[in-house]
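What follows is start_15.txt (compact mmCIF, C-alpha atoms).
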# COMPACT_ATOMS: atom_id res chain seq x y z
CA MET A 8 0.00 0.00 0.00
CA THR A 9 1.30 3.44 -0.88
CA GLU A 10 0.86 6.13 1.76
CA LYS A 11 0.26 9.71 0.75
CA THR A 12 1.55 12.98 2.16
CA ASP A 13 2.83 16.38 0.98
CA VAL A 14 6.53 16.04 1.78
CA VAL A 15 8.86 13.16 2.57
CA ILE A 16 11.80 14.25 4.68
CA ILE A 17 14.79 11.92 4.48
CA GLY A 18 16.56 12.05 7.84
CA ALA A 19 15.06 12.71 11.27
CA GLY A 20 17.97 14.66 12.75
CA PRO A 21 17.53 18.15 14.25
CA VAL A 22 17.22 19.85 10.85
CA GLY A 23 14.73 17.29 9.45
CA LEU A 24 12.67 17.68 12.63
CA PHE A 25 12.62 21.47 12.49
CA ALA A 26 11.62 21.32 8.81
CA VAL A 27 8.37 19.70 10.00
CA PHE A 28 7.71 22.87 12.01
CA GLU A 29 8.39 25.32 9.19
CA LEU A 30 6.38 23.24 6.70
CA GLY A 31 3.62 22.66 9.25
CA LEU A 32 3.06 26.39 9.72
CA LEU A 33 2.29 26.49 5.99
CA ASN A 34 -0.19 23.56 6.29
CA ILE A 35 2.22 21.10 4.69
CA GLN A 36 2.09 17.54 6.02
CA CYS A 37 5.28 15.52 6.45
CA HIS A 38 6.51 11.96 6.76
CA LEU A 39 10.08 11.35 7.92
CA ILE A 40 12.28 8.35 7.16
CA ASP A 41 15.41 7.44 9.11
CA ASN A 42 17.76 4.47 9.10
CA LEU A 43 18.25 4.63 12.88
CA ASP A 44 15.77 3.16 15.36
CA LYS A 45 15.25 6.58 16.94
CA VAL A 46 14.88 10.23 15.97
CA GLY A 47 17.55 12.86 16.54
CA GLY A 48 20.21 11.76 14.06
CA GLN A 49 23.79 12.37 15.16
CA CYS A 50 22.57 14.33 18.20
CA ALA A 51 20.83 11.25 19.57
CA GLU A 52 23.14 8.55 18.21
CA LEU A 53 26.64 9.99 18.51
CA TYR A 54 26.47 12.56 21.28
CA PRO A 55 23.21 12.41 23.29
CA GLU A 56 25.05 13.48 26.48
CA LYS A 57 27.41 16.02 24.94
CA PRO A 58 26.69 19.69 25.48
CA ILE A 59 26.06 21.97 22.47
CA TYR A 60 26.75 25.66 23.10
CA ASP A 61 25.81 27.37 19.84
CA ILE A 62 22.03 27.01 19.62
CA PRO A 63 20.54 30.52 19.87
CA SER A 64 18.98 31.19 23.28
CA ARG A 65 20.24 27.86 24.67
CA PRO A 66 23.54 28.60 26.47
CA VAL A 67 23.92 24.84 26.84
CA VAL A 68 21.80 21.94 25.63
CA THR A 69 22.68 18.26 25.15
CA GLY A 70 22.07 16.40 21.90
CA GLN A 71 19.24 14.44 23.48
CA GLU A 72 17.61 17.49 25.09
CA LEU A 73 17.66 19.32 21.77
CA THR A 74 16.01 16.31 20.10
CA ASP A 75 13.36 15.98 22.81
CA GLU A 76 12.46 19.66 22.63
CA LEU A 77 12.25 19.63 18.84
CA ILE A 78 9.88 16.67 19.04
CA LYS A 79 7.75 18.63 21.48
CA GLN A 80 7.80 21.66 19.20
CA ILE A 81 6.68 19.75 16.08
CA ASN A 82 4.16 17.55 17.84
CA PRO A 83 1.15 19.76 16.88
CA PHE A 84 1.84 18.97 13.23
CA LYS A 85 1.58 15.18 13.76
CA PRO A 86 4.45 14.06 11.54
CA LYS A 87 4.62 10.35 10.75
CA PHE A 88 7.94 8.59 11.36
CA HIS A 89 9.23 5.58 9.44
CA LEU A 90 12.29 4.46 11.40
CA ASN A 91 14.73 1.56 10.94
CA GLN A 92 14.69 1.88 7.17
CA GLN A 93 16.70 3.47 4.43
CA VAL A 94 15.33 5.19 1.34
CA GLU A 95 16.44 3.08 -1.57
CA LYS A 96 14.82 4.64 -4.57
CA ILE A 97 12.70 7.53 -5.72
CA ASP A 98 10.45 7.46 -8.77
CA LYS A 99 9.03 10.50 -10.52
CA THR A 100 5.28 10.58 -11.00
CA GLU A 101 3.12 13.14 -12.75
CA SER A 102 2.39 15.01 -9.54
CA GLY A 103 5.53 14.37 -7.53
CA TRP A 104 7.49 11.38 -6.26
CA ILE A 105 7.14 7.88 -4.88
CA VAL A 106 9.76 7.19 -2.25
CA GLY A 107 10.55 3.53 -1.51
CA THR A 108 12.55 2.11 1.41
CA ASN A 109 14.54 -1.09 1.82
CA ILE A 110 11.76 -2.68 3.85
CA GLY A 111 9.04 -1.95 1.32
CA THR A 112 7.46 1.27 2.67
CA LYS A 113 6.14 3.39 -0.22
CA ILE A 114 5.14 7.01 0.20
CA GLU A 115 3.76 9.35 -2.44
CA ALA A 116 4.61 13.03 -1.98
CA LYS A 117 4.79 16.28 -3.90
CA CYS A 118 8.32 17.13 -2.74
CA ILE A 119 11.31 15.39 -1.19
CA VAL A 120 13.46 17.13 1.41
CA ILE A 121 16.85 15.53 1.99
CA ALA A 122 18.03 16.30 5.52
CA ALA A 123 20.35 13.33 5.77
CA GLY A 124 23.29 14.93 7.59
CA ALA A 125 26.44 13.00 6.80
CA GLY A 126 24.36 10.16 5.37
CA SER A 127 22.93 6.95 6.78
CA PHE A 128 24.36 5.27 9.81
CA VAL A 129 25.72 1.86 8.80
CA PRO A 130 27.85 -0.65 10.74
CA ARG A 131 31.55 0.11 10.85
CA LYS A 132 33.39 -2.77 9.20
CA PRO A 133 36.84 -3.88 10.33
CA PRO A 134 39.43 -3.28 7.58
CA ILE A 135 40.40 -6.95 7.29
CA GLU A 136 41.47 -8.10 3.85
CA ASN A 137 38.76 -10.06 2.01
CA ILE A 138 36.20 -9.72 4.80
CA GLN A 139 33.59 -8.68 2.19
CA SER A 140 33.60 -12.15 0.67
CA PHE A 141 32.54 -13.63 4.03
CA GLU A 142 29.79 -11.09 4.77
CA ASN A 143 26.31 -12.54 5.20
CA LYS A 144 27.82 -16.04 5.14
CA ASN A 145 30.17 -16.23 8.12
CA VAL A 146 30.32 -12.56 9.08
CA PHE A 147 27.32 -10.54 10.31
CA TYR A 148 27.29 -6.92 11.50
CA ALA A 149 23.74 -7.08 12.82
CA ILE A 150 21.61 -9.92 14.10
CA ARG A 151 18.14 -10.37 12.66
CA ASP A 152 17.53 -14.04 13.46
CA LYS A 153 19.52 -15.35 16.41
CA SER A 154 18.30 -18.94 15.91
CA MET A 155 20.86 -19.39 13.12
CA PHE A 156 23.64 -19.19 15.73
CA LYS A 157 22.23 -21.94 17.95
CA GLU A 158 24.87 -24.48 19.03
CA LYS A 159 27.46 -22.80 16.79
CA LYS A 160 30.88 -21.49 17.65
CA LEU A 161 30.91 -17.68 17.57
CA LEU A 162 33.53 -14.97 17.84
CA ILE A 163 32.09 -11.63 18.90
CA ALA A 164 34.37 -8.61 18.48
CA GLY A 165 34.07 -5.24 20.23
CA GLY A 166 33.71 -3.66 23.65
CA GLY A 167 30.49 -1.65 23.49
CA ASP A 168 26.90 -2.43 24.38
CA SER A 169 26.09 -4.47 21.26
CA ALA A 170 29.15 -6.71 21.68
CA LEU A 171 28.50 -7.34 25.38
CA ASP A 172 24.72 -7.71 25.13
CA TRP A 173 25.01 -10.26 22.32
CA THR A 174 27.81 -12.11 24.12
CA ASN A 175 25.56 -12.50 27.17
CA GLU A 176 22.46 -13.34 25.17
CA LEU A 177 23.98 -15.80 22.67
CA SER A 178 26.01 -17.60 25.36
CA LYS A 179 22.74 -19.34 26.37
CA ASP A 180 22.69 -21.51 23.27
CA SER A 181 26.04 -21.04 21.56
CA ASN A 182 29.76 -21.39 22.21
CA VAL A 183 30.81 -17.75 22.47
CA THR A 184 34.24 -16.17 22.54
CA LEU A 185 34.51 -12.40 22.98
CA ILE A 186 37.53 -10.59 21.58
CA HIS A 187 38.38 -7.02 22.54
CA ARG A 188 41.56 -4.95 22.41
CA ARG A 189 41.66 -4.36 26.17
CA LYS A 190 40.21 -5.67 29.42
CA GLU A 191 38.06 -2.59 30.00
CA PHE A 192 34.76 -2.14 28.18
CA ARG A 193 32.71 0.90 27.29
CA ALA A 194 29.46 -1.07 27.57
CA ALA A 195 27.04 -0.55 30.47
CA PRO A 196 28.57 -1.76 33.78
CA ASP A 197 25.72 -4.28 34.28
CA SER A 198 26.43 -6.03 30.99
CA VAL A 199 30.14 -6.04 31.76
CA SER A 200 29.69 -7.73 35.16
CA LYS A 201 27.27 -10.26 33.64
CA MET A 202 29.88 -11.12 30.99
CA GLN A 203 32.64 -11.42 33.59
CA GLU A 204 30.44 -13.72 35.64
CA LEU A 205 29.81 -15.92 32.59
CA GLU A 206 33.55 -16.01 31.96
CA THR A 207 34.25 -17.11 35.54
CA LEU A 208 31.65 -19.86 35.18
CA GLY A 209 33.34 -20.99 31.96
CA LYS A 210 30.23 -20.24 29.89
CA ILE A 211 32.10 -17.88 27.58
CA LYS A 212 35.73 -17.20 26.72
CA PHE A 213 37.37 -13.81 26.58
CA ILE A 214 40.47 -13.03 24.58
CA LYS A 215 42.37 -9.79 24.49
CA GLY A 216 43.43 -8.82 20.99
CA GLN A 217 42.54 -7.44 17.57
CA ILE A 218 41.58 -9.49 14.52
CA LYS A 219 44.05 -9.22 11.66
CA LYS A 220 43.14 -11.91 9.11
CA ILE A 221 40.22 -14.00 7.99
CA SER A 222 40.44 -17.14 5.86
CA ASN A 223 38.49 -20.20 4.77
CA THR A 224 38.85 -23.59 6.37
CA PRO A 225 38.36 -26.91 4.57
CA GLY A 226 34.88 -27.12 6.12
CA SER A 227 32.35 -24.32 6.28
CA LYS A 228 34.08 -22.61 9.19
CA ILE A 229 36.39 -19.60 9.14
CA MET A 230 39.84 -19.12 10.63
CA LEU A 231 40.66 -15.83 12.30
CA GLU A 232 44.13 -14.67 13.11
CA TYR A 233 44.40 -12.15 15.92
CA GLU A 234 47.18 -10.16 17.49
CA ASN A 235 47.60 -10.23 21.21
CA ASP A 236 50.35 -7.94 22.49
CA GLU A 237 53.32 -9.45 20.71
CA GLU A 238 51.94 -12.79 19.53
CA ARG A 239 49.64 -13.85 16.73
CA LEU A 240 47.15 -16.67 17.34
CA ASN A 241 44.34 -18.38 15.46
CA ILE A 242 40.79 -19.28 16.31
CA GLU A 243 38.38 -21.33 14.20
CA VAL A 244 34.67 -20.46 14.41
CA ASP A 245 31.42 -20.76 12.48
CA TYR A 246 30.59 -17.08 12.65
CA LEU A 247 32.27 -13.75 13.33
CA LEU A 248 30.07 -10.95 14.69
CA PRO A 249 31.96 -7.62 14.69
CA PHE A 250 30.35 -4.76 16.65
CA PHE A 251 32.39 -1.58 16.21
CA GLY A 252 29.62 0.98 16.25
CA LEU A 253 28.25 2.92 13.32
CA LYS A 254 29.60 5.21 10.66
CA MET A 255 27.92 7.45 8.12
CA GLU A 256 27.63 6.89 4.40
CA LEU A 257 25.86 8.88 1.69
CA GLY A 258 24.32 5.64 0.39
CA PRO A 259 21.70 5.49 -2.39
CA ILE A 260 21.29 9.32 -2.49
CA ALA A 261 24.50 9.40 -4.53
CA ASP A 262 22.72 7.60 -7.38
CA TRP A 263 19.76 9.93 -7.84
CA GLY A 264 21.41 12.13 -10.43
CA LEU A 265 21.58 15.24 -8.22
CA ASN A 266 24.47 17.64 -8.80
CA LEU A 267 27.04 16.96 -6.10
CA HIS A 268 29.98 18.87 -4.70
CA GLU A 269 32.43 16.44 -3.03
CA ASN A 270 29.68 14.10 -1.81
CA LEU A 271 27.42 16.96 -0.74
CA ILE A 272 24.29 18.07 -2.59
CA ARG A 273 24.48 21.41 -4.37
CA VAL A 274 21.59 23.76 -3.68
CA ASP A 275 20.79 27.38 -4.43
CA THR A 276 20.59 29.65 -1.41
CA LYS A 277 17.20 31.13 -2.17
CA LYS A 278 15.16 27.95 -2.34
CA PHE A 279 17.52 25.22 -1.10
CA GLU A 280 16.38 23.20 -4.07
CA THR A 281 18.72 20.69 -5.73
CA SER A 282 19.43 20.40 -9.44
CA THR A 283 16.23 18.31 -9.67
CA PRO A 284 13.08 20.42 -9.24
CA SER A 285 10.94 19.53 -6.18
CA ILE A 286 13.86 17.82 -4.42
CA PHE A 287 15.36 19.98 -1.68
CA ALA A 288 18.41 19.50 0.54
CA ILE A 289 18.97 21.13 3.94
CA GLY A 290 21.44 20.79 6.79
CA ASP A 291 24.89 19.17 6.72
CA ILE A 292 24.18 17.26 3.50
CA ASN A 293 23.96 20.34 1.28
CA TRP A 294 26.60 22.64 -0.13
CA TYR A 295 26.64 26.21 -1.38
CA PRO A 296 29.35 28.88 -1.33
CA GLY A 297 29.88 29.88 2.28
CA LYS A 298 28.15 26.81 3.74
CA LEU A 299 28.77 26.19 7.44
CA LYS A 300 27.83 22.84 8.91
CA LEU A 301 25.93 24.18 11.88
CA ILE A 302 22.53 23.11 13.22
CA LEU A 303 21.70 26.80 13.20
CA SER A 304 22.28 27.03 9.43
CA GLY A 305 20.04 24.01 8.90
CA PHE A 306 17.20 25.72 10.78
CA HIS A 307 17.48 28.80 8.57
CA GLU A 308 17.58 26.60 5.46
CA SER A 309 14.38 24.82 6.61
CA ALA A 310 12.46 28.09 6.76
CA LEU A 311 13.47 29.18 3.25
CA MET A 312 12.92 25.73 1.79
CA ALA A 313 9.37 25.68 3.21
CA GLN A 314 8.46 28.88 1.31
CA GLU A 315 9.36 27.19 -1.95
CA VAL A 316 7.75 23.83 -1.14
CA PHE A 317 4.51 25.76 -0.50
CA LYS A 318 4.41 26.67 -4.21
CA TYR A 319 4.56 22.99 -5.22
CA CYS A 320 1.91 21.99 -2.68
CA PHE A 321 -0.52 24.87 -3.26
CA PRO A 322 0.22 26.28 -6.72
CA ASP A 323 -2.93 28.40 -6.73
CA LYS A 324 -2.59 29.87 -3.25
CA LYS A 325 -0.76 32.96 -2.11
CA ASN A 326 1.59 32.50 0.82
CA ILE A 327 1.27 35.47 3.17
CA PHE A 328 4.10 35.89 5.63
CA ARG A 329 3.04 35.87 9.27
CA TYR A 330 4.56 35.61 12.74
CA THR A 331 3.67 33.00 15.34
CA THR A 332 3.68 35.81 17.92
CA SER A 333 0.72 37.57 16.33
CA SER A 334 -1.14 35.26 13.96
CA LYS A 335 -4.21 33.71 15.58
CA GLU A 336 -4.34 31.08 12.86
CA LEU A 337 -0.74 29.97 13.38
CA GLN A 338 -1.35 29.87 17.14
CA LYS A 339 -4.38 27.67 16.57
CA LYS A 340 -2.24 25.27 14.55
CA LEU A 341 0.26 25.18 17.40
CA GLY A 342 -2.52 24.54 19.91
CA VAL A 343 -1.59 27.55 22.03
CA MET B 15 55.33 29.28 13.90
CA PRO B 16 55.68 25.82 15.43
CA LYS B 17 55.56 22.86 13.08
CA LEU B 18 54.09 19.37 12.85
CA ILE B 19 55.45 16.47 10.85
CA ILE B 20 52.70 14.43 9.27
CA ILE B 21 52.86 11.04 7.59
CA ASP B 22 49.73 10.48 5.52
CA ARG B 23 48.03 7.16 4.64
CA GLN B 24 50.22 6.80 1.56
CA GLY B 25 53.32 7.12 3.73
CA LYS B 26 54.13 10.60 2.39
CA LYS B 27 55.86 12.90 4.86
CA SER B 28 55.08 16.59 5.05
CA GLU B 29 55.51 19.53 7.40
CA ILE B 30 52.84 22.03 8.38
CA GLU B 31 52.77 25.01 10.67
CA PHE B 32 50.26 25.11 13.49
CA ASP B 33 48.39 27.58 15.63
CA THR B 34 48.19 26.69 19.33
CA ASN B 35 44.49 27.58 19.62
CA PHE B 36 43.47 24.50 17.67
CA THR B 37 43.39 20.76 18.17
CA LEU B 38 45.47 18.40 16.09
CA MET B 39 42.33 17.19 14.26
CA GLU B 40 41.27 20.74 13.34
CA THR B 41 44.77 21.50 12.10
CA LEU B 42 44.92 18.34 9.98
CA ARG B 43 41.48 18.98 8.49
CA ASP B 44 42.24 22.62 7.78
CA ASN B 45 45.38 21.58 5.93
CA GLY B 46 43.42 19.24 3.68
CA TYR B 47 44.50 15.91 5.15
CA ASP B 48 42.03 13.07 4.63
CA ILE B 49 40.61 12.82 8.12
CA GLU B 50 36.89 12.20 8.49
CA ALA B 51 36.23 13.43 12.07
CA SER B 52 32.55 12.77 11.55
CA CYS B 53 31.42 13.89 15.00
CA GLY B 54 33.14 17.23 14.51
CA GLY B 55 35.63 16.79 17.34
CA CYS B 56 33.58 16.02 20.45
CA CYS B 57 35.13 12.58 21.03
CA ALA B 58 31.99 10.75 19.89
CA CYS B 59 33.39 8.74 16.99
CA ALA B 60 36.77 7.29 16.17
CA THR B 61 37.38 8.70 12.73
CA CYS B 62 40.32 10.98 13.52
CA HIS B 63 42.62 8.21 14.70
CA VAL B 64 46.37 8.91 14.53
CA TYR B 65 49.60 7.28 15.75
CA ILE B 66 51.95 9.48 17.75
CA ASP B 67 55.68 9.11 17.26
CA GLU B 68 56.98 7.18 20.30
CA LYS B 69 59.24 10.07 21.37
CA TRP B 70 56.22 12.36 21.72
CA VAL B 71 53.65 10.06 23.37
CA ASN B 72 54.41 11.24 26.91
CA LYS B 73 54.55 14.91 26.01
CA LEU B 74 50.87 15.13 25.07
CA ASN B 75 47.94 15.91 27.31
CA ASN B 76 46.80 12.65 28.91
CA MET B 77 44.15 10.45 27.42
CA ASP B 78 40.90 10.50 29.41
CA ASP B 79 38.43 7.59 29.77
CA ASP B 80 36.18 8.98 27.06
CA GLU B 81 38.94 8.93 24.49
CA GLU B 82 40.20 5.51 25.58
CA SER B 83 36.74 4.01 25.20
CA MET B 84 36.08 5.71 21.84
CA LEU B 85 39.28 4.06 20.59
CA ASP B 86 37.36 0.78 20.97
CA GLN B 87 35.61 1.69 17.74
CA ALA B 88 38.86 2.25 15.86
CA PHE B 89 40.85 -0.46 14.13
CA ASP B 90 44.56 -1.27 14.26
CA VAL B 91 44.80 0.40 17.65
CA LYS B 92 48.36 0.52 19.00
CA ASN B 93 49.97 1.73 22.21
CA ASN B 94 50.63 5.08 20.54
CA SER B 95 47.07 5.51 19.20
CA ARG B 96 45.20 8.75 19.93
CA LEU B 97 42.15 10.56 18.65
CA SER B 98 43.52 13.75 17.14
CA CYS B 99 40.49 15.82 18.22
CA GLN B 100 41.57 15.34 21.82
CA ILE B 101 45.10 16.64 21.35
CA ASN B 102 45.53 20.29 22.22
CA LEU B 103 48.43 21.82 20.37
CA SER B 104 50.91 23.89 22.36
CA GLU B 105 54.30 25.52 21.76
CA GLU B 106 55.96 22.57 23.50
CA LEU B 107 54.72 20.32 20.69
CA ASP B 108 56.85 22.07 18.05
CA GLY B 109 58.20 19.20 15.94
CA LEU B 110 55.48 16.68 16.92
CA LYS B 111 55.46 13.77 14.50
CA ILE B 112 52.29 11.83 13.82
CA GLU B 113 50.99 9.31 11.34
CA ILE B 114 47.36 9.19 10.14
CA ALA B 115 45.95 5.73 10.93
CA PRO B 116 44.31 3.63 8.21
CA GLU B 117 40.58 4.16 7.65
If you convert what's in this file into structure tokens, what do you get?
Amino acid sequence: MTEKTDVVIIGAGPVGLFAVFELGLLNIQCHLIDNLDKVGGQCAELYPEKPIYDIPSRPVVTGQELTDELIKQINPFKPKFHLNQQVEKIDKTESGWIVGTNIGTKIEAKCIVIAAGAGSFVPRKPPIENIQSFENKNVFYAIRDKSMFKEKKLLIAGGGDSALDWTNELSKDSNVTLIHRRKEFRAAPDSVSKMQELETLGKIKFIKGQIKKISNTPGSKIMLEYENDEERLNIEVDYLLPFFGLKMELGPIADWGLNLHENLIRVDTKKFETSTPSIFAIGDINWYPGKLKLILSGFHESALMAQEVFKYCFPDKKNIFRYTTSSKELQKKLGV
Amino acid sequence: MPKLIIIDRQGKKSEIEFDTNFTLMETLRDNGYDIEASCGGCCACATCHVYIDEKWVNKLNNMDDDEESMLDQAFDVKNNSRLSCQINLSEELDGLKIEIAPE
């Protein structure tokens, strides 16, 4: 089933969220799509606890606080979120676009607003030679169906929450070894003590080291060579599960035929429209002479973009500029 | 002006001048070195990983827990690994030699 709205915003970071506000004031409905399982983009994923000092009127605000307040601010406009999915393709229709994601969501809209920051968050892959040829066979960066690991020998790599949580969880039914470069872990203290307890009980093994090589074995297993202080050792397992956090990639956006400037989308500074009419780009993903990658710039870009999107959504209507301070109609929309 | 000696990912050595008001990451990025620094320098990723020449390791500001745990997301971590966004440049670091770690 294809859903219908006015604008699809790709990316639910601070700038994508604020775009809902600016578009909402002009009666434009939005759906947002994000590859993460939560809204807030980098602010929520990379630095939820870190203070930001350059948001006007907020002497200090954390990434998570900024996200939470933006959500509160756009709530009156009832945006619809499609999380945990990546936009794969866009198709032109007579009246706009159909946006399709990797899990089959289809949304019809008049305009697309790309607010994708530095791109989609994808798993960070260890730079081990030939690892690509083992991916989705013996190497998995995310776990969708844990039953496939039952009674198998696993090597889990990493020291964060994902590595520790999966070590603890999969140790119930599998033979798990955890490999990490040091004895300290950045994961939550509870998960760390649980893992250490399992290790003491002999339910899991821990090795200190970093994986250097991957190779086939005569059977269907894989051999991993790892470096441990000065020595190099091998371990044979069925599966390797590396958990080294996330990184950002432009992804499918690069293939949509938009004019790019070093992996950023070129826009004009009046409309923030890309080289393809009715596709806009705001925030860190766009480029124009003088561009500064600041959240503040993205907010400004949202407001100007919305003026132009209005013309696509309501070609016969006149857009009269008003302030939220004085317009009764805008206040009604905001529920104040 | 004080100088840094940089070895890039291709093994090419070069010298750049630095201003003490900036971090090593900012200086590298400003000079066009290929350093991602995707979080912008707030120690929330591990994409500005460098190796410090052994002679200089102890002359830098100490590594805090935040930086040490972010290094868990880097690869090919060595005893002389640091995140360049956490290194404050000072006059005393004139001649500092670093190598940009593989991606």
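The residue that comes closest to A:Ile135, out of A:Ser64, A:Thr224, A:Gln217, A:Ser282 and on the basis of all atoms listed in the file, is A:Gln217.
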Within 10 Å of chain A: residues of chain B, using all atoms listed in the file, as a list in words = Ser52, Cys53, Gly54, Cys56, Cys57, Ala58, Cys59, Ala60, Thr61, Asp79, Asp80, Glu82, Ser83, Met84, Leu85, Asp86, Gln87, Ala88, Phe89, Asp90, Val91, Lys92, Asn93, Pro116 and Glu117 of chain B
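Taking all atoms listed in the file into account, those protein, DNA and RNA residues with any atom at most 10 Å away from (4.0, 28.2, -0.1) amount to Leu30, Leu33, Asn34, Ile35, Met312, Ala313, Gln314, Glu315, Val316, Phe317, Lys318, Tyr319, Cys320, Phe321, Pro322, Asp323, Lys324, Lys325, Asn326, Ile327 and Phe328 of chain A.
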key: Nearest to B:Asn94 by atom-to-atom distance, counting all atoms listed in the file, from B:Ala51, B:Met39, B:Leu107, B:Ile66   = B:Ile66
message = Report, in Å with one decimal, the straight-line distance from atom CA of A:Asn293 to atom CA of A:Ile272.
response =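 Atom CA of A:Ile272 lies at a distance of 4.5 Å from atom CA of A:Asn293.
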Residues near B:Arg43, anyone? I mean within 12 Å using only C-alpha atoms, not counting same-chain ones fewer than 3 positions away, as a PDB file with C-alpha atoms, keeping the file's coordinate frame.
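Heads up, here's the output in part-v4.pdb:
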ATOM      1  CA  ILE B  30      52.840  22.030   8.380  1.00  0.00           C
ATOM      2  CA  PHE B  32      50.260  25.110  13.490  1.00  0.00           C
ATOM      3  CA  PHE B  36      43.470  24.500  17.670  1.00  0.00           C
ATOM      4  CA  THR B  37      43.390  20.760  18.170  1.00  0.00           C
ATOM      5  CA  LEU B  38      45.470  18.400  16.090  1.00  0.00           C
ATOM      6  CA  MET B  39      42.330  17.190  14.260  1.00  0.00           C
ATOM      7  CA  GLU B  40      41.270  20.740  13.340  1.00  0.00           C
ATOM      8  CA  GLY B  46      43.420  19.240   3.680  1.00  0.00           C
ATOM      9  CA  TYR B  47      44.500  15.910   5.150  1.00  0.00           C
ATOM     10  CA  ASP B  48      42.030  13.070   4.630  1.00  0.00           C
ATOM     11  CA  ILE B  49      40.610  12.820   8.120  1.00  0.00           C
ATOM     12  CA  GLU B  50      36.890  12.200   8.490  1.00  0.00           C
ATOM     13  CA  ALA B  51      36.230  13.430  12.070  1.00  0.00           C
ATOM     14  CA  SER B  52      32.550  12.770  11.550  1.00  0.00           C
ATOM     15  CA  GLY B  54      33.140  17.230  14.510  1.00  0.00           C
ATOM     16  CA  GLY B  55      35.630  16.790  17.340  1.00  0.00           C
ATOM     17  CA  THR B  61      37.380   8.700  12.730  1.00  0.00           C
ATOM     18  CA  CYS B  62      40.320  10.980  13.520  1.00  0.00           C
ATOM     19  CA  SER B  98      43.520  13.750  17.140  1.00  0.00           C
ATOM     20  CA  CYS B  99      40.490  15.820  18.220  1.00  0.00           C
ATOM     21  CA  ILE B 114      47.360   9.190  10.140  1.00  0.00           C
TER      22      ILE B 114
END
ask   = Skipping near chain neighbours, those fewer than 3 positions away, what residues fall within 8 Å of A:Ala26 using only C-alpha atoms, listed as a PyMOL selection string?
value = chain A and resi 22-23+29-30+306+309-310+313
ask   = What does the distance from atom CA of A:Met8 to atom CA of A:Lys113 come to in Å, to one decimal?
value =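 A separation of 7.0 Å between them.
The gap separating atom CA of A:Lys179 from atom CA of A:Glu158 is 9.2 Å, in Å to one decimal.
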message = List as a list in words the protein and nucleic acid residues near B:Leu18, meaning an atom at most 12 Å away when all atoms listed in the file are counted, but skip any in the same chain fewer than 4 places from it.
response =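 These residues fall inside the cut-off: Lys27, Ser28, Glu29, Ile30, Glu31, Phe32, Asp33, Thr34, Leu38, Thr41, Leu42, Asn45, Ile66, Asp67, Trp70, Leu103, Ser104, Glu105, Glu106, Leu107, Asp108, Gly109, Leu110, Lys111, Ile112 and Glu113 of chain B.
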task = Find, counting all atoms listed in the file, the residue in A:Lys190, A:Lys45, A:His38, A:Lys335 that gets nearest to A:Pro86.
result =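 With all atoms listed in the file as the atom set, the closest residue is A:His38.
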request  = Using all atoms listed in the file, determine which residues lie at most 9 Å from A:Thr281, disregarding the query and same-chain residues fewer than 5 positions distant; provide the list as a PyMOL selection string.
outcome  = chain A and resi 265-266+272-275+286-288+293
